[in-house]
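Text of model_13.txt (compact mmCIF, C-alpha atoms) as supplied:
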# COMPACT_ATOMS: atom_id res chain seq x y z
CA MET A 1 10.33 53.23 -10.28
CA SER A 2 7.53 53.06 -12.80
CA PRO A 3 8.25 53.26 -16.54
CA PHE A 4 5.83 56.20 -16.65
CA PHE A 5 8.04 58.21 -14.30
CA ARG A 6 11.11 57.43 -16.40
CA LEU A 7 9.22 58.57 -19.47
CA TYR A 8 8.16 61.74 -17.66
CA CYS A 9 11.81 62.45 -16.78
CA ARG A 10 12.93 62.01 -20.37
CA ILE A 11 10.15 64.22 -21.72
CA TYR A 12 10.99 66.87 -19.11
CA GLN A 13 14.68 66.74 -20.05
CA PHE A 14 13.92 66.94 -23.76
CA CYS A 15 11.66 69.96 -23.32
CA PHE A 16 14.19 71.62 -21.05
CA ARG A 17 16.94 71.06 -23.59
CA ILE A 18 14.88 72.76 -26.28
CA ALA A 19 13.92 75.64 -24.00
CA SER A 20 17.50 76.19 -22.83
CA GLY A 21 18.41 77.22 -26.35
CA PHE A 22 16.43 80.40 -25.78
CA LEU A 23 17.95 81.27 -22.39
CA PRO A 24 20.44 84.15 -22.05
CA PHE A 25 23.54 82.06 -21.42
CA ARG A 26 26.76 84.04 -21.50
CA GLU A 27 30.39 83.56 -20.56
CA PRO A 28 32.34 85.91 -18.29
CA ILE A 29 35.00 88.24 -19.62
CA LEU A 30 38.37 86.67 -18.80
CA LEU A 31 41.64 88.01 -17.48
CA GLU A 32 44.27 85.31 -18.02
CA GLY A 33 47.94 84.73 -17.33
CA PRO A 34 50.49 84.92 -14.51
CA ASN A 35 49.92 87.91 -12.21
CA CYS A 36 46.89 89.13 -14.16
CA LEU A 37 45.13 89.69 -10.82
CA SER A 38 46.97 93.02 -10.61
CA LEU A 39 44.89 94.23 -13.57
CA LEU A 40 41.57 93.71 -11.83
CA PRO A 41 41.39 96.89 -9.66
CA LYS A 42 41.92 99.13 -12.70
CA LEU A 43 39.23 97.21 -14.60
CA ILE A 44 36.83 97.64 -11.67
CA TYR A 45 37.58 101.35 -11.43
CA HIS A 46 36.84 101.82 -15.13
CA GLN A 47 33.43 100.24 -14.51
CA GLY A 48 32.65 103.24 -12.28
CA ILE A 49 32.82 101.14 -9.11
CA THR A 50 34.55 102.72 -6.13
CA ASN A 51 33.35 100.54 -3.24
CA VAL A 52 33.35 96.71 -3.20
CA MET A 53 32.94 93.77 -0.87
CA VAL A 54 35.61 91.07 -1.03
CA VAL A 55 34.20 87.62 -0.25
CA THR A 56 36.78 85.03 0.79
CA ASP A 57 37.59 82.70 3.70
CA TYR A 58 39.72 83.13 6.79
CA GLY A 59 42.38 80.71 5.60
CA LEU A 60 43.12 82.81 2.54
CA THR A 61 43.22 86.10 4.45
CA LYS A 62 45.47 84.53 7.10
CA ALA A 63 47.79 83.18 4.40
CA GLY A 64 48.06 86.67 2.90
CA LEU A 65 46.76 85.57 -0.49
CA VAL A 66 44.21 88.39 -0.57
CA SER A 67 46.62 91.12 0.57
CA PRO A 68 48.05 92.06 -2.85
CA LEU A 69 44.54 92.54 -4.21
CA LEU A 70 43.56 94.71 -1.25
CA SER A 71 46.70 96.81 -1.69
CA ASP A 72 45.98 97.29 -5.39
CA LEU A 73 42.38 98.25 -4.67
CA LYS A 74 43.57 100.87 -2.20
CA THR A 75 46.10 102.22 -4.72
CA GLN A 76 43.35 102.51 -7.30
CA GLY A 77 41.19 104.46 -4.85
CA ILE A 78 38.61 101.72 -4.38
CA LYS A 79 37.19 101.25 -0.89
CA TYR A 80 36.45 97.73 0.32
CA VAL A 81 34.99 95.66 3.11
CA ILE A 82 35.94 92.02 3.66
CA TYR A 83 33.71 89.05 4.45
CA ASP A 84 36.00 86.13 5.31
CA LYS A 85 33.69 83.89 7.34
CA THR A 86 32.89 81.64 4.39
CA VAL A 87 32.77 77.96 5.39
CA ALA A 88 33.44 74.89 3.23
CA ASN A 89 29.77 74.52 2.35
CA PRO A 90 28.34 78.08 2.51
CA THR A 91 25.19 78.43 4.56
CA ILE A 92 22.15 80.65 4.42
CA ASP A 93 23.33 82.25 7.67
CA ASN A 94 26.66 83.14 6.03
CA ILE A 95 24.86 84.78 3.15
CA GLU A 96 22.58 86.86 5.35
CA GLU A 97 25.63 88.15 7.28
CA ALA A 98 27.38 89.08 4.06
CA VAL A 99 24.31 90.82 2.65
CA GLN A 100 24.11 93.04 5.72
CA LEU A 101 27.84 93.85 5.48
CA TYR A 102 27.42 94.76 1.81
CA LEU A 103 24.50 97.06 2.52
CA ASP A 104 26.14 98.68 5.54
CA GLY A 105 29.27 99.31 3.48
CA HIS A 106 27.31 100.90 0.60
CA CYS A 107 29.09 98.56 -1.81
CA GLN A 108 28.58 98.56 -5.57
CA GLY A 109 29.96 95.14 -6.48
CA LEU A 110 31.48 91.92 -5.19
CA ILE A 111 34.86 90.23 -5.64
CA ALA A 112 35.01 86.53 -4.76
CA VAL A 113 38.47 85.17 -3.99
CA GLY A 114 38.91 81.48 -3.33
CA GLY A 115 37.61 78.10 -4.38
CA GLY A 116 34.05 77.08 -5.05
CA SER A 117 32.81 78.03 -1.60
CA PRO A 118 33.64 81.77 -1.71
CA MET A 119 32.34 81.94 -5.28
CA ASP A 120 29.07 80.23 -4.31
CA MET A 121 28.92 82.49 -1.28
CA ALA A 122 29.32 85.60 -3.42
CA LYS A 123 26.70 84.39 -5.91
CA GLY A 124 24.20 83.70 -3.14
CA THR A 125 24.89 87.10 -1.62
CA ALA A 126 24.51 88.79 -5.00
CA ALA A 127 21.23 86.97 -5.59
CA ARG A 128 19.83 88.26 -2.30
CA ILE A 129 21.02 91.80 -2.98
CA GLY A 130 19.50 91.80 -6.45
CA ASN A 131 16.29 90.22 -5.14
CA PRO A 132 15.82 91.71 -1.66
CA HIS A 133 12.26 90.41 -1.32
CA LYS A 134 13.27 86.78 -1.87
CA LEU A 135 14.99 84.57 0.69
CA ILE A 136 17.52 81.95 -0.39
CA PRO A 137 15.07 79.00 -0.05
CA GLN A 138 12.68 80.84 -2.38
CA MET A 139 15.36 80.88 -5.07
CA LYS A 140 16.15 77.17 -4.83
CA GLY A 141 16.00 75.37 -8.14
CA LEU A 142 15.71 76.87 -11.59
CA PHE A 143 15.35 80.45 -12.80
CA LYS A 144 14.06 82.10 -9.64
CA VAL A 145 16.64 84.89 -9.48
CA SER A 146 14.36 87.27 -11.29
CA HIS A 147 16.50 90.43 -11.19
CA LYS A 148 20.04 91.32 -12.18
CA ILE A 149 22.76 90.96 -9.57
CA PRO A 150 25.45 93.54 -8.73
CA PRO A 151 28.70 93.37 -10.73
CA LEU A 152 30.44 90.12 -9.78
CA PHE A 153 34.17 89.58 -10.24
CA VAL A 154 35.53 86.12 -9.37
CA VAL A 155 39.12 85.10 -8.66
CA PRO A 156 39.42 81.30 -8.39
CA THR A 157 42.35 80.06 -6.31
CA THR A 158 41.71 76.42 -7.17
CA ALA A 159 41.26 74.71 -10.52
CA GLY A 160 38.17 72.60 -10.24
CA THR A 161 34.75 73.96 -9.47
CA GLY A 162 34.24 76.01 -12.62
CA SER A 163 32.08 78.36 -10.55
CA GLU A 164 33.74 81.28 -12.30
CA THR A 165 31.60 80.53 -15.36
CA THR A 166 28.50 78.71 -14.10
CA LEU A 167 24.95 79.79 -13.35
CA ALA A 168 24.85 77.78 -10.12
CA ALA A 169 25.40 78.56 -6.46
CA VAL A 170 25.30 75.62 -4.05
CA ILE A 171 24.01 76.54 -0.60
CA THR A 172 23.58 74.56 2.63
CA ASN A 173 20.77 74.91 5.14
CA SER A 174 22.62 74.37 8.41
CA GLN A 175 19.37 73.52 10.24
CA THR A 176 18.19 70.70 7.94
CA HIS A 177 21.60 69.70 6.46
CA GLU A 178 20.06 70.10 3.03
CA LYS A 179 22.45 71.19 0.29
CA TYR A 180 20.93 72.49 -2.91
CA ALA A 181 21.63 74.65 -5.93
CA ILE A 182 20.26 77.97 -7.10
CA ASN A 183 20.45 77.97 -10.90
CA ASP A 184 19.91 81.09 -12.97
CA PRO A 185 21.79 82.82 -15.82
CA HIS A 186 21.80 85.99 -13.73
CA LEU A 187 24.37 84.29 -11.46
CA ILE A 188 27.02 83.86 -14.16
CA PRO A 189 29.89 86.12 -13.06
CA HIS A 190 30.61 89.18 -15.16
CA TYR A 191 34.41 88.82 -15.01
CA ALA A 192 36.76 85.96 -14.10
CA VAL A 193 40.46 86.13 -13.31
CA LEU A 194 42.49 83.02 -14.23
CA ASP A 195 45.86 83.69 -12.60
CA PRO A 196 47.85 80.44 -12.20
CA VAL A 197 50.17 82.05 -9.66
CA LEU A 198 47.30 81.96 -7.17
CA THR A 199 47.16 78.15 -7.33
CA VAL A 200 50.88 77.48 -6.86
CA GLY A 201 50.64 77.20 -3.08
CA LEU A 202 47.69 74.81 -3.02
CA PRO A 203 48.14 71.72 -0.85
CA LYS A 204 48.45 68.54 -2.90
CA GLN A 205 45.14 67.18 -1.61
CA ILE A 206 43.24 70.25 -2.80
CA THR A 207 45.01 70.24 -6.16
CA SER A 208 44.02 66.60 -6.68
CA THR A 209 40.40 66.69 -5.52
CA THR A 210 39.52 69.97 -7.22
CA GLY A 211 41.09 68.64 -10.41
CA ILE A 212 38.92 65.52 -10.31
CA ASP A 213 35.97 67.79 -9.56
CA ALA A 214 36.60 69.45 -12.93
CA LEU A 215 36.93 66.04 -14.56
CA THR A 216 33.57 65.04 -13.08
CA HIS A 217 31.94 68.15 -14.51
CA ALA A 218 33.34 67.46 -17.96
CA VAL A 219 32.51 63.74 -17.99
CA GLU A 220 28.98 64.14 -16.63
CA ALA A 221 28.28 66.89 -19.13
CA TYR A 222 29.66 64.88 -22.06
CA ILE A 223 27.82 61.61 -21.36
CA GLY A 224 24.52 63.36 -20.60
CA ARG A 225 21.72 63.92 -23.07
CA SER A 226 21.63 67.72 -23.20
CA ASN A 227 24.81 68.52 -25.11
CA THR A 228 25.35 71.04 -27.85
CA LYS A 229 28.36 71.03 -30.17
CA HIS A 230 29.87 73.76 -28.02
CA THR A 231 29.42 71.90 -24.71
CA GLU A 232 30.81 68.71 -26.24
CA LYS A 233 33.91 70.54 -27.41
CA MET A 234 34.39 72.24 -24.05
CA ALA A 235 33.98 68.93 -22.19
CA VAL A 236 36.42 67.07 -24.44
CA ASP A 237 38.98 69.88 -24.19
CA ALA A 238 38.68 69.78 -20.41
CA VAL A 239 39.10 66.00 -20.17
CA LYS A 240 42.21 66.09 -22.37
CA LEU A 241 43.75 68.96 -20.41
CA ILE A 242 43.11 67.24 -17.08
CA PHE A 243 44.68 63.92 -18.05
CA GLU A 244 47.67 65.79 -19.48
CA ASN A 245 48.19 68.25 -16.63
CA LEU A 246 46.58 67.31 -13.32
CA TYR A 247 49.26 64.93 -12.10
CA LYS A 248 51.96 67.39 -13.22
CA ALA A 249 50.35 70.16 -11.16
CA TYR A 250 49.93 67.76 -8.25
CA ASN A 251 53.50 66.46 -8.40
CA VAL A 252 55.24 69.80 -9.04
CA GLY A 253 53.10 72.55 -7.63
CA THR A 254 55.23 75.32 -9.12
CA ASN A 255 54.63 74.16 -12.70
CA LEU A 256 52.88 77.27 -13.99
CA ILE A 257 52.09 75.74 -17.36
CA ALA A 258 50.30 72.80 -15.77
CA ARG A 259 48.58 75.13 -13.31
CA ALA A 260 47.36 77.42 -16.10
CA ASN A 261 46.14 74.44 -18.13
CA MET A 262 44.20 73.13 -15.14
CA GLN A 263 42.55 76.53 -14.68
CA LYS A 264 41.56 76.45 -18.33
CA ALA A 265 40.27 72.89 -17.94
CA ALA A 266 38.13 73.85 -14.96
CA TYR A 267 36.77 76.82 -16.88
CA LYS A 268 35.93 74.75 -19.97
CA ALA A 269 34.28 72.06 -17.85
CA GLY A 270 32.24 74.80 -16.19
CA VAL A 271 31.08 76.09 -19.55
CA ALA A 272 30.12 72.53 -20.52
CA PHE A 273 28.02 71.66 -17.50
CA THR A 274 26.40 75.10 -17.25
CA ARG A 275 24.46 74.22 -20.39
CA ALA A 276 24.60 70.40 -20.46
CA TYR A 277 24.20 69.84 -16.69
CA VAL A 278 25.77 67.35 -14.33
CA GLY A 279 24.35 64.06 -13.07
CA ASN A 280 24.00 61.53 -10.29
CA VAL A 281 27.56 61.96 -9.04
CA HIS A 282 26.67 65.49 -8.00
CA ALA A 283 23.31 64.50 -6.55
CA ILE A 284 25.09 62.16 -4.14
CA ALA A 285 28.04 64.47 -3.49
CA HIS A 286 25.73 67.29 -2.43
CA THR A 287 24.17 65.11 0.27
CA LEU A 288 27.61 64.15 1.61
CA GLY A 289 28.54 67.82 1.82
CA GLY A 290 25.28 68.71 3.54
CA PHE A 291 25.36 65.90 6.09
CA TYR A 292 29.06 65.47 6.80
CA GLN A 293 30.85 68.51 5.32
CA VAL A 294 32.73 66.26 2.91
CA PRO A 295 34.59 68.57 0.49
CA HIS A 296 32.79 68.57 -2.83
CA GLY A 297 35.82 67.67 -4.94
CA LEU A 298 36.70 64.72 -2.72
CA ALA A 299 33.13 63.43 -2.81
CA ASN A 300 33.01 63.65 -6.60
CA ALA A 301 36.38 61.96 -6.97
CA VAL A 302 35.30 58.98 -4.87
CA ILE A 303 31.83 58.63 -6.39
CA LEU A 304 32.61 59.12 -10.10
CA PRO A 305 34.00 55.65 -10.96
CA TYR A 306 31.14 53.87 -9.17
CA ILE A 307 28.48 55.83 -11.06
CA LEU A 308 30.20 55.26 -14.40
CA ASP A 309 30.30 51.54 -13.62
CA PHE A 310 26.59 51.65 -12.80
CA TYR A 311 25.67 53.28 -16.10
CA GLY A 312 27.08 50.30 -17.99
CA LYS A 313 26.01 50.05 -21.63
CA THR A 314 24.03 53.29 -21.51
CA ALA A 315 27.29 55.28 -21.37
CA THR A 316 29.64 52.92 -23.23
CA LYS A 317 29.83 54.76 -26.56
CA ARG A 318 30.34 58.18 -25.01
CA LEU A 319 32.98 56.92 -22.56
CA ALA A 320 34.70 55.07 -25.40
CA ARG A 321 34.84 58.31 -27.35
CA LEU A 322 36.36 60.12 -24.35
CA ALA A 323 38.89 57.30 -23.97
CA ASP A 324 39.96 57.74 -27.59
CA LEU A 325 40.17 61.52 -27.46
CA SER A 326 42.09 61.56 -24.17
CA LYS A 327 44.38 58.68 -25.26
CA GLN A 328 43.31 56.37 -22.45
CA SER A 329 42.75 53.36 -24.73
CA ASP A 330 43.95 51.61 -27.87
CA LEU A 331 42.08 52.29 -31.10
CA LYS A 332 41.83 48.54 -31.73
CA ASP A 333 39.86 48.03 -28.50
CA SER A 334 36.11 47.50 -28.56
CA ASP A 335 33.86 50.24 -27.21
CA GLU A 336 33.32 48.19 -24.06
CA GLN A 337 37.06 47.84 -23.53
CA LYS A 338 37.61 51.55 -24.16
CA ALA A 339 34.90 52.53 -21.68
CA SER A 340 36.33 50.15 -19.10
CA LYS A 341 39.83 51.55 -19.61
CA PHE A 342 38.55 55.10 -19.27
CA ILE A 343 36.95 54.32 -15.90
CA ALA A 344 40.12 52.49 -14.84
CA SER A 345 42.18 55.53 -15.82
CA ILE A 346 40.13 57.66 -13.42
CA ARG A 347 40.69 55.16 -10.62
CA ASN A 348 44.41 55.07 -11.42
CA LEU A 349 44.65 58.86 -11.46
CA ASN A 350 42.86 58.98 -8.10
CA ALA A 351 45.21 56.37 -6.66
CA SER A 352 48.31 58.17 -7.95
CA MET A 353 47.22 61.22 -5.95
CA GLU A 354 46.24 59.25 -2.82
CA ILE A 355 42.51 59.86 -3.20
CA PRO A 356 40.72 57.03 -1.34
CA GLU A 357 38.40 54.59 -3.08
CA GLN A 358 35.83 54.90 -0.29
CA LEU A 359 34.77 57.32 2.44
CA LYS A 360 35.27 54.95 5.34
CA GLY A 361 33.94 55.94 8.73
CA ILE A 362 32.02 58.95 7.43
CA ILE A 363 28.63 57.78 6.17
CA LYS A 364 26.12 56.65 8.80
CA GLU A 365 23.70 53.90 7.91
CA VAL A 366 20.84 55.72 9.62
CA ASP A 367 21.27 58.73 7.27
CA ILE A 368 21.27 56.80 4.01
CA PRO A 369 17.47 56.63 3.41
CA LEU A 370 17.08 60.41 3.74
CA MET A 371 20.21 61.12 1.69
CA ALA A 372 19.02 58.75 -1.04
CA LYS A 373 15.64 60.47 -1.09
CA ARG A 374 17.26 63.89 -1.43
CA ALA A 375 19.70 62.73 -4.10
CA PHE A 376 16.83 61.18 -6.07
CA SER A 377 14.82 64.41 -5.80
CA GLU A 378 17.77 66.53 -6.96
CA ALA A 379 18.50 64.30 -9.93
CA ASN A 380 14.96 63.76 -11.18
CA PRO A 381 13.46 64.87 -13.45
CA LEU A 382 16.17 67.44 -14.32
CA TYR A 383 19.51 65.69 -14.78
CA PRO A 384 19.78 64.21 -18.31
CA VAL A 385 21.82 61.20 -17.20
CA PRO A 386 22.47 58.12 -19.35
CA LYS A 387 20.55 55.92 -16.92
CA ILE A 388 17.95 57.15 -14.45
CA MET A 389 18.53 55.88 -10.91
CA ASP A 390 15.77 55.00 -8.47
CA ILE A 391 16.09 55.38 -4.71
CA ASN A 392 17.35 51.82 -4.25
CA ASP A 393 20.09 52.48 -6.81
CA PHE A 394 21.21 55.50 -4.80
CA ILE A 395 21.22 53.42 -1.63
CA THR A 396 23.42 50.85 -3.35
CA ILE A 397 25.97 53.53 -4.30
CA TYR A 398 26.07 54.88 -0.73
CA HIS A 399 26.88 51.40 0.50
CA LEU A 400 29.60 50.95 -2.11
CA ILE A 401 31.38 54.16 -1.12
CA MET A 402 31.10 53.42 2.61

Encoded form (structure tokens):
Amino acid sequence: MSPFFRLYCRIYQFCFRIASGFLPFREPILLEGPNCLSLLPKLIYHQGITNVMVVTDYGLTKAGLVSPLLSDLKTQGIKYVIYDKTVANPTIDNIEEAVQLYLDGHCQGLIAVGGGSPMDMAKGTAARIGNPHKLIPQMKGLFKVSHKIPPLFVVPTTAGTGSETTLAAVITNSQTHEKYAINDPHLIPHYAVLDPVLTVGLPKQITSTTGIDALTHAVEAYIGRSNTKHTEKMAVDAVKLIFENLYKAYNVGTNLIARANMQKAAYKAGVAFTRAYVGNVHAIAHTLGGFYQVPHGLANAVILPYILDFYGKTATKRLARLADLSKQSDLKDSDEQKASKFIASIRNLNASMEIPEQLKGIIKEVDIPLMAKRAFSEANPLYPVPKIMDINDFITIYHLIM
């Protein structure tokens, strides 16, 4: 990679950071606390909405997790249709099906219930409804959702993605295996429901990987070059909450305090990276989801320590600061020792929750050049990472996680 391209990336990131200060960022209105989901139908009704589409996945409908909401909607006199064909990495085909269901049902708003996939699915659907003359590929990238979306209410059932507060929807093209983001302030949900009761029944593996997903968001936002005082605070709060609560939620799933704290951590991390952005961990993780359907949280959890190692001195001071604030080091340690201990603490947390160090038997050598090219294109020039990676650097990371 030429030094001129690196300079171009840094200039682009600097200009984007300045411009982002003028963008209409907002945060959703929150409902918080055990069983607060029961308050949502009345809130929707008072918005003048009497017909909604509920976007979820079949596993949640089969488990009955959506049933109380549907019953409360009916009691409130709100009609609904359900789209529960959402897959782990939502596709353009999924979105087009949901759009047609929404239009046929004469709906006035959307409720997303689930993890990151249903929320991304609902955002993509809302983007198409609000911009009927634009297809999903035409909204790829930055600020191409030019019109307001219908009212969007999100109910996360995991604590990780932060999608309940972000401007991003990650979509997969099932024909090309390309996974990319649509980023626009219009996609920030209008309301978010943080009900820890909904996360009590999560399998341990989902609790762990979604929790490290939130940690990845917070860490990548904090060590990047596009922070504000607000995003720094949100990222630090999230990191502290995760180290204090994730293993508790993983080990004792009924611990409502730990569950609520993890929801708050995921939310705060989402606020942080909405403005400060993510980095190369996500660029690689998106390719693994697109090619092999690797769950996003798992991919992030595996990749994060390797990328932090790669950054070396360029991230030392920021990682040392996180180590201090999250009590993962001794104050007498040098910055290098603190940064090293912080990365080790992530590996130890992964290991304690049986998250593998590598994705053995998943990545195919023949796919690596194309994945590296796509990861490089996603990351550059936008992501304000501590150290810009060239295509060979991406290839090296793929080999390390194989």

Separation of CA of Gly201 (chain A) from CA of Ala258 (chain A), in Å and rounded to one decimal |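 CA of Gly201 (chain A) sits 13.4 Å away from CA of Ala258 (chain A).
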
Can I get the residues of region 118-144 of chain A within 8 Å of region 38-58 of chain A, each with the closest pair of atoms and their distance in Å to one decimal, using all atoms listed in the file, sorted chain first then ascending number, as a Markdown table?
| residue | atom | partner | partner_atom | distance |
| --- | --- | --- | --- | --- |
| A:Pro118 | CA | A:Thr56 | CA | 5.2 |
| A:Met119 | CA | A:Val55 | CA | 7.8 |
| A:Met121 | CA | A:Val55 | CA | 7.4 |
| A:Ala122 | CA | A:Val55 | CA | 6.2 |

Find the residues around Phe291 (chain A) up to 9 Å (only C-alpha atoms counted), leave out those fewer than 2 positions away in its own chain, and share them as a list in words.
-> Thr176, His177, Glu178, Lys179, His286, Thr287, Leu288, Gly289, Gln293, Val294, Ile363, Asp367 and Met371 of chain A

Could the residues in this selection be written to a file with C-alpha atoms, as a PDB file, in the frame of the given file?
ATOM      1  CA  THR A 176      18.190  70.700   7.940  1.00  0.00           C
ATOM      2  CA  HIS A 177      21.600  69.700   6.460  1.00  0.00           C
ATOM      3  CA  GLU A 178      20.060  70.100   3.030  1.00  0.00           C
ATOM      4  CA  LYS A 179      22.450  71.190   0.290  1.00  0.00           C
ATOM      5  CA  HIS A 286      25.730  67.290  -2.430  1.00  0.00           C
ATOM      6  CA  THR A 287      24.170  65.110   0.270  1.00  0.00           C
ATOM      7  CA  LEU A 288      27.610  64.150   1.610  1.00  0.00           C
ATOM      8  CA  GLY A 289      28.540  67.820   1.820  1.00  0.00           C
ATOM      9  CA  GLN A 293      30.850  68.510   5.320  1.00  0.00           C
ATOM     10  CA  VAL A 294      32.730  66.260   2.910  1.00  0.00           C
ATOM     11  CA  ILE A 363      28.630  57.780   6.170  1.00  0.00           C
ATOM     12  CA  ASP A 367      21.270  58.730   7.270  1.00  0.00           C
ATOM     13  CA  MET A 371      20.210  61.120   1.690  1.00  0.00           C
TER      14      MET A 371
END

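Note that the spacing between CA of Asp309 (chain A) and CA of Pro386 (chain A) amounts to 11.7 Å.
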
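Considering all atoms listed in the file, the residue among A:Ile182, A:Ile307, A:Ala269, A:Ala19 positioned nearest to Lys144 (chain A) is A:Ile182.
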
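Here the question is which of A:Tyr267, A:Tyr292, A:Phe243, A:Phe16 gets nearest to Asn348 (chain A) using all atoms listed in the file, and that residue is A:Phe243.
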
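Closest to Val302 (chain A) among A:Arg321, A:Lys360, A:His190, A:Lys248 is A:Lys360, based on all atoms listed in the file.
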
Spatial neighbours of Leu31 (chain A), 8 Å, all atoms listed in the file, chain gap at least 2 places, as JSON, numbers by chain = {"A": [29, 33, 36, 37, 191, 192, 193, 194, 195]}

Restrict the calculation to all atoms listed in the file, then for each residue of region 281-305 of chain A with any atom at most 9 Å from an atom of region 324-347 of chain A give the closest atom pair and their distance in Å to one decimal, rows by chain and rising residue number, as JSON lines.
{"residue": "A:Ala301", "atom": "CA", "partner": "A:Ile346", "partner_atom": "CA", "distance": 8.6}
{"residue": "A:Val302", "atom": "CA", "partner": "A:Arg347", "partner_atom": "CA", "distance": 8.8}
{"residue": "A:Leu304", "atom": "CA", "partner": "A:Ile346", "partner_atom": "CA", "distance": 8.3}
{"residue": "A:Pro305", "atom": "CA", "partner": "A:Ile343", "partner_atom": "CA", "distance": 5.9}

Could you please take those selected residues and save C-alpha atoms as a PDB file, in the coordinates of the input?
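Wrote it out as selection_34.pdb, contents follow:
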ATOM      1  CA  ALA A 301      36.380  61.960  -6.970  1.00  0.00           C
ATOM      2  CA  VAL A 302      35.300  58.980  -4.870  1.00  0.00           C
ATOM      3  CA  LEU A 304      32.610  59.120 -10.100  1.00  0.00           C
ATOM      4  CA  PRO A 305      34.000  55.650 -10.960  1.00  0.00           C
TER       5      PRO A 305
END

All residues 9 Å or closer to region 213-222 of chain A, only C-alpha atoms, same chain fewer than 6 positions away omitted, as a PyMOL selection string = chain A and resi 159-162+231-239+242-243+262+265-270+272-282+296-301+304+318-319+322+384-385

How many Å lie between CA of Thr91 (chain A) and CA of Ala112 (chain A), rounded to one decimal?
->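 If I compute the distance from CA of Thr91 (chain A) to CA of Ala112 (chain A), I get 15.8 Å.
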
Please return, as a PyMOL selection string, all polymer residues that have at least one atom within 8 Å of the point (16.3, 80.8, -16.6); use only C-alpha atoms and the file's own coordinate frame.
-> chain A and resi 20+23-24+142-144+183-185

Surrounding residues of Lys148 (chain A) excluding itself and chain neighbours under 5 positions, 9 Å, all atoms listed in the file, as a CSV table (one decimal) with C-alpha atoms, keeping the file's coordinate frame:
chain,number,residue,atom,x,y,z
A,126,ALA,CA,24.5,88.8,-5.0
A,127,ALA,CA,21.2,87.0,-5.6
A,130,GLY,CA,19.5,91.8,-6.4
A,131,ASN,CA,16.3,90.2,-5.1
A,186,HIS,CA,21.8,86.0,-13.7
A,187,LEU,CA,24.4,84.3,-11.5
